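Novice: Starting off with a structure, shown below.
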Amino acid sequence: MPDDAQLPSTLSGTLHMFAALDWGDEIDLAHVARLVPAEWQTLARRSRTPSSIAYRPTPLRYPLQPITLPIAGCPGPPLVAEAELTIFDFAAVSLALRVAIERSPAEWTYLAGCLSEPEPIMCSAREVLQPLFDRLRPAIEDAAWSELSEEYFVFQFAPGAALPPPERLVAEHSAWLAGLLRLEDEPLAPDELTEALRMRLSYTPADLFVAEWSAAVLIDQSCDETLKTVEFANLQLLEFRHIDNRLDDRLAGAYGLIHPRHRGLWPFATGARRRLRELGELRLEAHDLYERTGNALKLVGDQYLARVYQMLAARFHLGEWQHSIERSLGVIEGAYQVVSDESDTARAETLEWIVILLITVEVGLALLH
C-alpha cells in the first residue's frame, strides 16, 4: 500500500472533475444567452495576475443542479458534486464538477482507483446535459453530440498543518501522491513513481502542482485560475482529437476529389470547380476551428500559469496532436493546389480549343468566299 502511515488520519480536500464534450461546429453565444440564463465567464484573478490573461472570446457559464457521482465500488455515502457548464464559441463545452471530501489517506487512494473508470460518471453527465443540449440546438451550427470526451481529475488540498510541506510530501510520500496521479490503488514500481512525480512546480514553498496524464494534485488555496487553465488544456485535448479525426475522415474524400473516377469528354466535365470549392471549404473550416481552439485562452504575462499549461500540454502530448493536424492540413493544402492547377490547365486547354475552333471557322469562311 502507499506510504500514508505518517500522514494525518483524515484529510479534507476537494475533488475536481473536468469533462470536455463537443456539440457541433459552432455555437452562437449571444443566441445561447437569450435561450438560457447563462453568464459570461470571467477568470478569477490574484493580485499578480495581469489583465492579459483572458478568454478570447469570452465563453458562457451555465450553473447546473448538483450531480450525484455514480462511482462504482466507492465506499461511504454517494458523492454529490456542484456542477457548472462552460460553453465555448467553437461548440465545445466543459462540465466542471466539484465535491468536498474528508477521508483517510488510504480512502483517498482507493477513491482514485475507482475514478480510473469514469464511464458511469460520464453516462450520468450526458443524461443531465441532454435537455440543455436539446434546448440550445437553435444556437448550434450542425448540432451533433460527438462520442469523444476527455475527463481529467484534480485532487486539491489546502496548504497547512494537515499535510507536510510540499518538499517533504514529495520526498517521503511519493507512493501516495503517485497513486492519486495515476488513479491507481495498487503499488507502483520505483521508475513509475519517479515518472509520475517528474513534472511539478511551486510558486511559493507552501504550494505544489503535480500533473500526470490522468490526474493532478494541487496544494493551493486560491487557485481558480490554475483550475481554469487545467480545464482549458483538457478541453483543447478533446478538440485536437476531434479535429484530427475529422481531418482523417475527410482526407479520403480529398483524394477522391483529386482523382475523380468519372471524367467527361470536355475538360470542365471533371467538375473541377465543384471540387475546388469543396476543398476550399474544408481547408477554411479546419484552419478556423484549429486556430480558435488554440487561441481561446491567452496566458501571456503570467509565467506560472504558462508553465502550468506547458506542463499539461506535455502530459497530454498536445504538440504531437498539433503536428498531426498540421500535417493533415498540409495534405489538404496540397490537394487544393492540385485541383487548382488542374482547373487552370483545363481552362487553358479549353481556351486553346476555342481558339483553334475559331481559326478553323474563319479559314472555312474564307475558303467559301
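By order in the C-alpha cells, chains are A, B, ...; within a chain, residues start at 1; ligands start at 1, following the order shown.
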DSSP on the backbone, helix (DSSP H, G or I) only: what residues of segment 30-211 of chain A does that give? Format it as JSON, numbers by chain.

Specialist: {"A": [30, 31, 32, 33, 34, 35, 105, 106, 107, 108, 109, 110, 111, 112, 113, 114, 119, 120, 121, 122, 123, 124, 125, 126, 127, 128, 129, 130, 131, 132, 133, 134, 135, 136, 137, 138, 139, 166, 167, 168, 169, 170, 171, 172, 174, 175, 176, 177, 178, 179, 180, 181, 182, 190, 191, 192, 193, 194, 195, 196]}

Novice: Quick one: residues within 7 Å of segment 312-318 of chain A, only C-alpha atoms counted, chain neighbours fewer than 4 positions away excluded, as a ChimeraX atom specification?

Specialist: /A:211-213,233,237,308,322

Novice: Okay, now the selection with all heavy atoms, as a PDB file, in the first residue's frame?

Specialist:
```pdb
ATOM      1  N   ALA A 211       1.367  17.205 -12.145  1.00  0.00           N
ATOM      2  CA  ALA A 211       0.440  16.799 -13.202  1.00  0.00           C
ATOM      3  C   ALA A 211       0.879  15.489 -13.826  1.00  0.00           C
ATOM      4  O   ALA A 211       2.070  15.265 -14.058  1.00  0.00           O
ATOM      5  CB  ALA A 211       0.345  17.878 -14.278  1.00  0.00           C
ATOM      6  N   GLU A 212      -0.097  14.638 -14.094  1.00  0.00           N
ATOM      7  CA  GLU A 212       0.091  13.423 -14.866  1.00  0.00           C
ATOM      8  C   GLU A 212      -0.947  13.408 -15.979  1.00  0.00           C
ATOM      9  O   GLU A 212      -1.769  14.319 -16.103  1.00  0.00           O
ATOM     10  CB  GLU A 212      -0.047  12.184 -13.977  1.00  0.00           C
ATOM     11  CG  GLU A 212       1.256  11.407 -13.779  1.00  0.00           C
ATOM     12  CD  GLU A 212       1.711  10.680 -15.029  1.00  0.00           C
ATOM     13  OE1 GLU A 212       1.093  10.849 -16.097  1.00  0.00           O
ATOM     14  OE2 GLU A 212       2.706   9.929 -14.962  1.00  0.00           O
ATOM     15  N   TRP A 213      -0.923  12.346 -16.807  1.00  0.00           N
ATOM     16  CA  TRP A 213      -1.873  12.230 -17.903  1.00  0.00           C
ATOM     17  C   TRP A 213      -3.313  12.165 -17.405  1.00  0.00           C
ATOM     18  O   TRP A 213      -4.219  12.768 -17.975  1.00  0.00           O
ATOM     19  CB  TRP A 213      -1.542  10.999 -18.733  1.00  0.00           C
ATOM     20  CG  TRP A 213      -2.615  10.603 -19.694  1.00  0.00           C
ATOM     21  CD1 TRP A 213      -3.623   9.705 -19.491  1.00  0.00           C
ATOM     22  CD2 TRP A 213      -2.813  11.119 -21.012  1.00  0.00           C
ATOM     23  NE1 TRP A 213      -4.432   9.624 -20.598  1.00  0.00           N
ATOM     24  CE2 TRP A 213      -3.947  10.482 -21.551  1.00  0.00           C
ATOM     25  CE3 TRP A 213      -2.141  12.048 -21.794  1.00  0.00           C
ATOM     26  CZ2 TRP A 213      -4.424  10.747 -22.835  1.00  0.00           C
ATOM     27  CZ3 TRP A 213      -2.622  12.308 -23.067  1.00  0.00           C
ATOM     28  CH2 TRP A 213      -3.740  11.667 -23.575  1.00  0.00           C
ATOM     29  N   ALA A 233      -6.882  23.160 -20.903  1.00  0.00           N
ATOM     30  CA  ALA A 233      -5.963  22.208 -21.539  1.00  0.00           C
ATOM     31  C   ALA A 233      -6.678  20.891 -21.840  1.00  0.00           C
ATOM     32  O   ALA A 233      -6.475  20.288 -22.900  1.00  0.00           O
ATOM     33  CB  ALA A 233      -4.753  21.970 -20.640  1.00  0.00           C
ATOM     34  N   LEU A 237      -7.336  19.320 -25.588  1.00  0.00           N
ATOM     35  CA  LEU A 237      -7.009  17.953 -25.985  1.00  0.00           C
ATOM     36  C   LEU A 237      -8.186  17.319 -26.725  1.00  0.00           C
ATOM     37  O   LEU A 237      -7.992  16.681 -27.776  1.00  0.00           O
ATOM     38  CB  LEU A 237      -6.641  17.126 -24.758  1.00  0.00           C
ATOM     39  CG  LEU A 237      -6.445  15.620 -24.991  1.00  0.00           C
ATOM     40  CD1 LEU A 237      -5.334  15.360 -25.992  1.00  0.00           C
ATOM     41  CD2 LEU A 237      -6.162  14.914 -23.662  1.00  0.00           C
ATOM     42  N   VAL A 308       2.171  26.030 -15.989  1.00  0.00           N
ATOM     43  CA  VAL A 308       1.127  25.031 -15.724  1.00  0.00           C
ATOM     44  C   VAL A 308       0.596  24.475 -17.039  1.00  0.00           C
ATOM     45  O   VAL A 308       0.464  23.257 -17.218  1.00  0.00           O
ATOM     46  CB  VAL A 308      -0.016  25.641 -14.892  1.00  0.00           C
ATOM     47  CG1 VAL A 308      -1.235  24.708 -14.868  1.00  0.00           C
ATOM     48  CG2 VAL A 308       0.446  25.911 -13.457  1.00  0.00           C
ATOM     49  N   GLN A 322      -0.930  18.578 -32.427  1.00  0.00           N
ATOM     50  CA  GLN A 322      -0.801  19.722 -33.331  1.00  0.00           C
ATOM     51  C   GLN A 322      -0.041  19.345 -34.590  1.00  0.00           C
ATOM     52  O   GLN A 322      -0.424  19.741 -35.700  1.00  0.00           O
ATOM     53  CB  GLN A 322      -0.082  20.868 -32.612  1.00  0.00           C
ATOM     54  CG  GLN A 322      -0.928  21.585 -31.576  1.00  0.00           C
ATOM     55  CD  GLN A 322      -0.161  22.689 -30.888  1.00  0.00           C
ATOM     56  OE1 GLN A 322       0.890  22.462 -30.296  1.00  0.00           O
ATOM     57  NE2 GLN A 322      -0.663  23.900 -30.962  1.00  0.00           N
TER      58      GLN A 322
END
```

Novice: What does the structure give for the distance between atom CA of Leu136 of chain A and atom CA of Ala30 of chain A, in Å to one decimal?

Specialist: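 These two atoms are separated by 11.4 Å.
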
Novice: Neighbours of Asp25 of chain A within 12 Å (only C-alpha atoms; same-chain residues fewer than 2 positions away dropped), as a short mmCIF file (atom, residue, chain, number, x, y, z; two decimals) with all heavy atoms, in the first residue's frame?

Specialist:
```
data_model
loop_
_atom_site.label_atom_id
_atom_site.label_comp_id
_atom_site.auth_asym_id
_atom_site.auth_seq_id
_atom_site.Cartn_x
_atom_site.Cartn_y
_atom_site.Cartn_z
N ASP A 22 -17.97 17.77 -27.18
CA ASP A 22 -18.14 18.57 -28.40
C ASP A 22 -19.58 18.43 -28.89
O ASP A 22 -20.09 17.32 -29.03
CB ASP A 22 -17.18 18.10 -29.49
CG ASP A 22 -17.16 19.04 -30.69
OD1 ASP A 22 -18.04 18.91 -31.55
OD2 ASP A 22 -16.28 19.91 -30.74
N TRP A 23 -20.20 19.60 -29.19
CA TRP A 23 -21.62 19.62 -29.54
C TRP A 23 -21.89 20.03 -30.99
O TRP A 23 -23.04 20.16 -31.37
CB TRP A 23 -22.37 20.55 -28.61
CG TRP A 23 -22.69 19.93 -27.28
CD1 TRP A 23 -22.37 18.67 -26.87
CD2 TRP A 23 -23.40 20.53 -26.19
NE1 TRP A 23 -22.84 18.45 -25.60
CE2 TRP A 23 -23.48 19.58 -25.16
CE3 TRP A 23 -23.98 21.78 -25.98
CZ2 TRP A 23 -24.11 19.83 -23.94
CZ3 TRP A 23 -24.61 22.04 -24.77
CH2 TRP A 23 -24.68 21.07 -23.77
N ILE A 27 -21.11 27.58 -32.00
CA ILE A 27 -22.23 27.99 -31.15
C ILE A 27 -22.31 29.51 -31.14
O ILE A 27 -21.30 30.19 -30.90
CB ILE A 27 -22.09 27.46 -29.71
CG1 ILE A 27 -22.16 25.93 -29.69
CG2 ILE A 27 -23.19 28.03 -28.81
CD1 ILE A 27 -22.08 25.33 -28.29
N ASP A 28 -23.49 30.02 -31.40
CA ASP A 28 -23.74 31.46 -31.30
C ASP A 28 -23.98 31.79 -29.82
O ASP A 28 -25.07 31.55 -29.30
CB ASP A 28 -24.96 31.83 -32.15
CG ASP A 28 -25.21 33.33 -32.19
OD1 ASP A 28 -24.69 34.05 -31.32
OD2 ASP A 28 -25.95 33.78 -33.09
N PHE A 88 -18.18 27.24 -25.11
CA PHE A 88 -17.27 28.00 -25.96
C PHE A 88 -17.86 28.16 -27.36
O PHE A 88 -18.68 27.35 -27.80
CB PHE A 88 -15.91 27.30 -26.04
CG PHE A 88 -15.14 27.31 -24.75
CD1 PHE A 88 -15.41 26.39 -23.76
CD2 PHE A 88 -14.16 28.27 -24.52
CE1 PHE A 88 -14.71 26.40 -22.56
CE2 PHE A 88 -13.46 28.30 -23.33
CZ PHE A 88 -13.74 27.36 -22.34
N ASP A 89 -17.41 29.19 -28.07
CA ASP A 89 -17.99 29.50 -29.38
C ASP A 89 -17.67 28.45 -30.43
O ASP A 89 -18.37 28.36 -31.43
CB ASP A 89 -17.54 30.89 -29.85
CG ASP A 89 -16.06 30.94 -30.23
OD1 ASP A 89 -15.26 30.30 -29.52
OD2 ASP A 89 -15.72 31.61 -31.21
N PHE A 90 -16.61 27.65 -30.23
CA PHE A 90 -16.29 26.61 -31.21
C PHE A 90 -17.02 25.30 -30.91
O PHE A 90 -16.60 24.22 -31.34
CB PHE A 90 -14.78 26.40 -31.33
CG PHE A 90 -14.05 26.26 -30.01
CD1 PHE A 90 -13.92 25.03 -29.38
CD2 PHE A 90 -13.49 27.37 -29.40
CE1 PHE A 90 -13.25 24.90 -28.18
CE2 PHE A 90 -12.81 27.25 -28.20
CZ PHE A 90 -12.69 26.01 -27.59
N ALA A 91 -18.14 25.41 -30.19
CA ALA A 91 -19.08 24.30 -29.96
C ALA A 91 -18.53 23.24 -29.03
O ALA A 91 -19.04 22.12 -29.01
CB ALA A 91 -19.54 23.67 -31.27
N ALA A 92 -17.51 23.56 -28.24
CA ALA A 92 -17.05 22.67 -27.19
C ALA A 92 -17.59 23.16 -25.86
O ALA A 92 -17.74 24.37 -25.64
CB ALA A 92 -15.53 22.62 -27.15
N VAL A 93 -17.90 22.22 -24.98
CA VAL A 93 -18.39 22.56 -23.65
C VAL A 93 -17.55 21.80 -22.63
O VAL A 93 -17.05 20.70 -22.90
CB VAL A 93 -19.89 22.23 -23.47
CG1 VAL A 93 -20.73 23.03 -24.45
CG2 VAL A 93 -20.16 20.74 -23.62
N ARG A 137 -30.07 23.69 -29.29
CA ARG A 137 -29.90 23.30 -30.70
C ARG A 137 -30.05 24.48 -31.67
O ARG A 137 -29.27 24.58 -32.63
CB ARG A 137 -30.92 22.21 -31.07
CG ARG A 137 -30.47 20.81 -30.73
CD ARG A 137 -31.51 19.80 -31.18
NE ARG A 137 -31.14 18.44 -30.85
CZ ARG A 137 -30.36 17.67 -31.58
NH1 ARG A 137 -29.86 18.14 -32.72
NH2 ARG A 137 -30.05 16.45 -31.20
N ALA A 139 -29.09 27.38 -31.45
CA ALA A 139 -27.89 28.23 -31.43
C ALA A 139 -26.65 27.50 -31.91
O ALA A 139 -25.58 28.10 -32.00
CB ALA A 139 -27.65 28.75 -30.01
N ILE A 140 -26.76 26.20 -32.23
CA ILE A 140 -25.60 25.39 -32.60
C ILE A 140 -25.64 25.09 -34.09
O ILE A 140 -26.64 24.61 -34.62
CB ILE A 140 -25.58 24.06 -31.81
CG1 ILE A 140 -25.65 24.32 -30.31
CG2 ILE A 140 -24.33 23.27 -32.16
CD1 ILE A 140 -25.77 23.06 -29.48
N GLU A 141 -24.55 25.39 -34.76
CA GLU A 141 -24.44 25.07 -36.19
C GLU A 141 -24.03 23.61 -36.35
O GLU A 141 -23.04 23.17 -35.75
CB GLU A 141 -23.41 25.98 -36.85
CG GLU A 141 -23.25 25.76 -38.34
CD GLU A 141 -22.25 26.70 -38.96
OE1 GLU A 141 -22.00 27.78 -38.38
OE2 GLU A 141 -21.71 26.36 -40.04
N ASP A 142 -24.80 22.87 -37.16
CA ASP A 142 -24.55 21.43 -37.36
C ASP A 142 -24.45 20.72 -36.02
O ASP A 142 -23.47 20.03 -35.71
CB ASP A 142 -23.27 21.21 -38.16
CG ASP A 142 -23.40 21.70 -39.60
OD1 ASP A 142 -24.53 21.68 -40.13
OD2 ASP A 142 -22.39 22.11 -40.17
N ALA A 143 -25.50 20.88 -35.20
CA ALA A 143 -25.51 20.28 -33.86
C ALA A 143 -25.38 18.77 -33.94
O ALA A 143 -26.16 18.10 -34.62
CB ALA A 143 -26.80 20.66 -33.13
N ALA A 144 -24.38 18.24 -33.28
CA ALA A 144 -24.15 16.80 -33.23
C ALA A 144 -23.27 16.50 -32.03
O ALA A 144 -22.18 17.07 -31.90
CB ALA A 144 -23.49 16.29 -34.52
N TRP A 145 -23.75 15.64 -31.15
CA TRP A 145 -23.02 15.32 -29.93
C TRP A 145 -21.97 14.27 -30.26
O TRP A 145 -22.28 13.11 -30.52
CB TRP A 145 -23.99 14.78 -28.88
CG TRP A 145 -23.44 14.77 -27.49
CD1 TRP A 145 -22.18 14.40 -27.13
CD2 TRP A 145 -24.12 15.14 -26.29
NE1 TRP A 145 -22.02 14.51 -25.78
CE2 TRP A 145 -23.20 14.97 -25.24
CE3 TRP A 145 -25.40 15.60 -26.01
CZ2 TRP A 145 -23.53 15.22 -23.90
CZ3 TRP A 145 -25.73 15.85 -24.68
CH2 TRP A 145 -24.82 15.67 -23.65
N SER A 146 -20.71 14.66 -30.24
CA SER A 146 -19.62 13.73 -30.56
C SER A 146 -19.51 12.65 -29.49
O SER A 146 -19.74 12.90 -28.30
CB SER A 146 -18.31 14.49 -30.68
OG SER A 146 -17.21 13.61 -30.80
N GLU A 239 -10.59 18.84 -28.40
CA GLU A 239 -10.79 19.46 -29.71
C GLU A 239 -9.71 19.07 -30.70
O GLU A 239 -9.99 18.86 -31.88
CB GLU A 239 -10.84 20.99 -29.55
CG GLU A 239 -12.14 21.48 -28.93
CD GLU A 239 -13.35 21.02 -29.73
OE1 GLU A 239 -13.57 21.52 -30.84
OE2 GLU A 239 -14.07 20.15 -29.23
N HIS A 242 -10.68 15.72 -31.84
CA HIS A 242 -11.87 15.83 -32.70
C HIS A 242 -11.48 16.34 -34.09
O HIS A 242 -11.92 15.78 -35.11
CB HIS A 242 -12.87 16.78 -32.04
CG HIS A 242 -14.12 16.99 -32.81
ND1 HIS A 242 -15.02 15.98 -33.08
CD2 HIS A 242 -14.64 18.11 -33.38
CE1 HIS A 242 -16.03 16.46 -33.78
NE2 HIS A 242 -15.83 17.74 -33.98
N ILE A 243 -10.63 17.37 -34.15
CA ILE A 243 -10.20 17.91 -35.43
C ILE A 243 -9.40 16.86 -36.20
O ILE A 243 -9.59 16.67 -37.41
CB ILE A 243 -9.35 19.18 -35.23
CG1 ILE A 243 -10.19 20.30 -34.62
CG2 ILE A 243 -8.75 19.65 -36.55
CD1 ILE A 243 -9.37 21.49 -34.16
N ARG A 246 -11.73 14.27 -37.67
CA ARG A 246 -12.49 14.81 -38.80
C ARG A 246 -11.61 14.94 -40.04
O ARG A 246 -12.05 14.65 -41.16
CB ARG A 246 -13.11 16.16 -38.42
CG ARG A 246 -14.23 16.05 -37.40
CD ARG A 246 -14.82 17.39 -37.07
NE ARG A 246 -15.50 17.99 -38.21
CZ ARG A 246 -16.16 19.15 -38.14
NH1 ARG A 246 -16.22 19.80 -37.00
NH2 ARG A 246 -16.75 19.64 -39.20
N GLU A 285 -12.56 25.58 -43.00
CA GLU A 285 -13.22 25.05 -41.80
C GLU A 285 -12.20 24.51 -40.82
O GLU A 285 -12.24 24.81 -39.62
CB GLU A 285 -14.20 23.96 -42.20
CG GLU A 285 -14.82 23.22 -41.02
CD GLU A 285 -15.57 21.97 -41.46
OE1 GLU A 285 -15.89 21.84 -42.66
OE2 GLU A 285 -15.81 21.11 -40.60
N ALA A 286 -11.25 23.69 -41.32
CA ALA A 286 -10.25 23.08 -40.44
C ALA A 286 -9.33 24.14 -39.84
O ALA A 286 -9.04 24.12 -38.64
CB ALA A 286 -9.45 22.05 -41.22
N ASP A 288 -9.96 27.32 -39.35
CA ASP A 288 -10.71 28.18 -38.43
C ASP A 288 -10.89 27.51 -37.08
O ASP A 288 -10.64 28.11 -36.03
CB ASP A 288 -12.08 28.52 -39.04
CG ASP A 288 -12.90 29.42 -38.14
OD1 ASP A 288 -12.43 30.53 -37.82
OD2 ASP A 288 -14.01 29.02 -37.74
N LEU A 289 -11.30 26.23 -37.08
CA LEU A 289 -11.52 25.52 -35.83
C LEU A 289 -10.20 25.34 -35.09
O LEU A 289 -10.14 25.51 -33.86
CB LEU A 289 -12.17 24.16 -36.11
CG LEU A 289 -12.53 23.30 -34.90
CD1 LEU A 289 -13.45 24.06 -33.96
CD2 LEU A 289 -13.18 22.00 -35.34
N TYR A 290 -9.15 25.02 -35.81
CA TYR A 290 -7.83 24.82 -35.19
C TYR A 290 -7.34 26.11 -34.53
O TYR A 290 -6.85 26.10 -33.39
CB TYR A 290 -6.86 24.35 -36.27
CG TYR A 290 -5.46 24.09 -35.80
CD1 TYR A 290 -5.21 23.35 -34.65
CD2 TYR A 290 -4.37 24.57 -36.52
CE1 TYR A 290 -3.91 23.10 -34.23
CE2 TYR A 290 -3.08 24.32 -36.11
CZ TYR A 290 -2.85 23.58 -34.97
OH TYR A 290 -1.56 23.35 -34.55
N ARG A 292 -9.15 28.80 -33.58
CA ARG A 292 -9.99 29.23 -32.46
C ARG A 292 -9.76 28.38 -31.22
O ARG A 292 -9.78 28.88 -30.09
CB ARG A 292 -11.47 29.19 -32.87
CG ARG A 292 -11.86 30.31 -33.81
CD ARG A 292 -13.36 30.43 -33.93
NE ARG A 292 -13.94 29.25 -34.55
CZ ARG A 292 -15.25 28.99 -34.57
NH1 ARG A 292 -16.09 29.80 -33.98
NH2 ARG A 292 -15.71 27.91 -35.18
N THR A 293 -9.55 27.08 -31.42
CA THR A 293 -9.30 26.20 -30.29
C THR A 293 -7.98 26.55 -29.62
O THR A 293 -7.87 26.57 -28.39
CB THR A 293 -9.27 24.73 -30.75
OG1 THR A 293 -10.51 24.41 -31.36
CG2 THR A 293 -9.03 23.79 -29.58
#
```
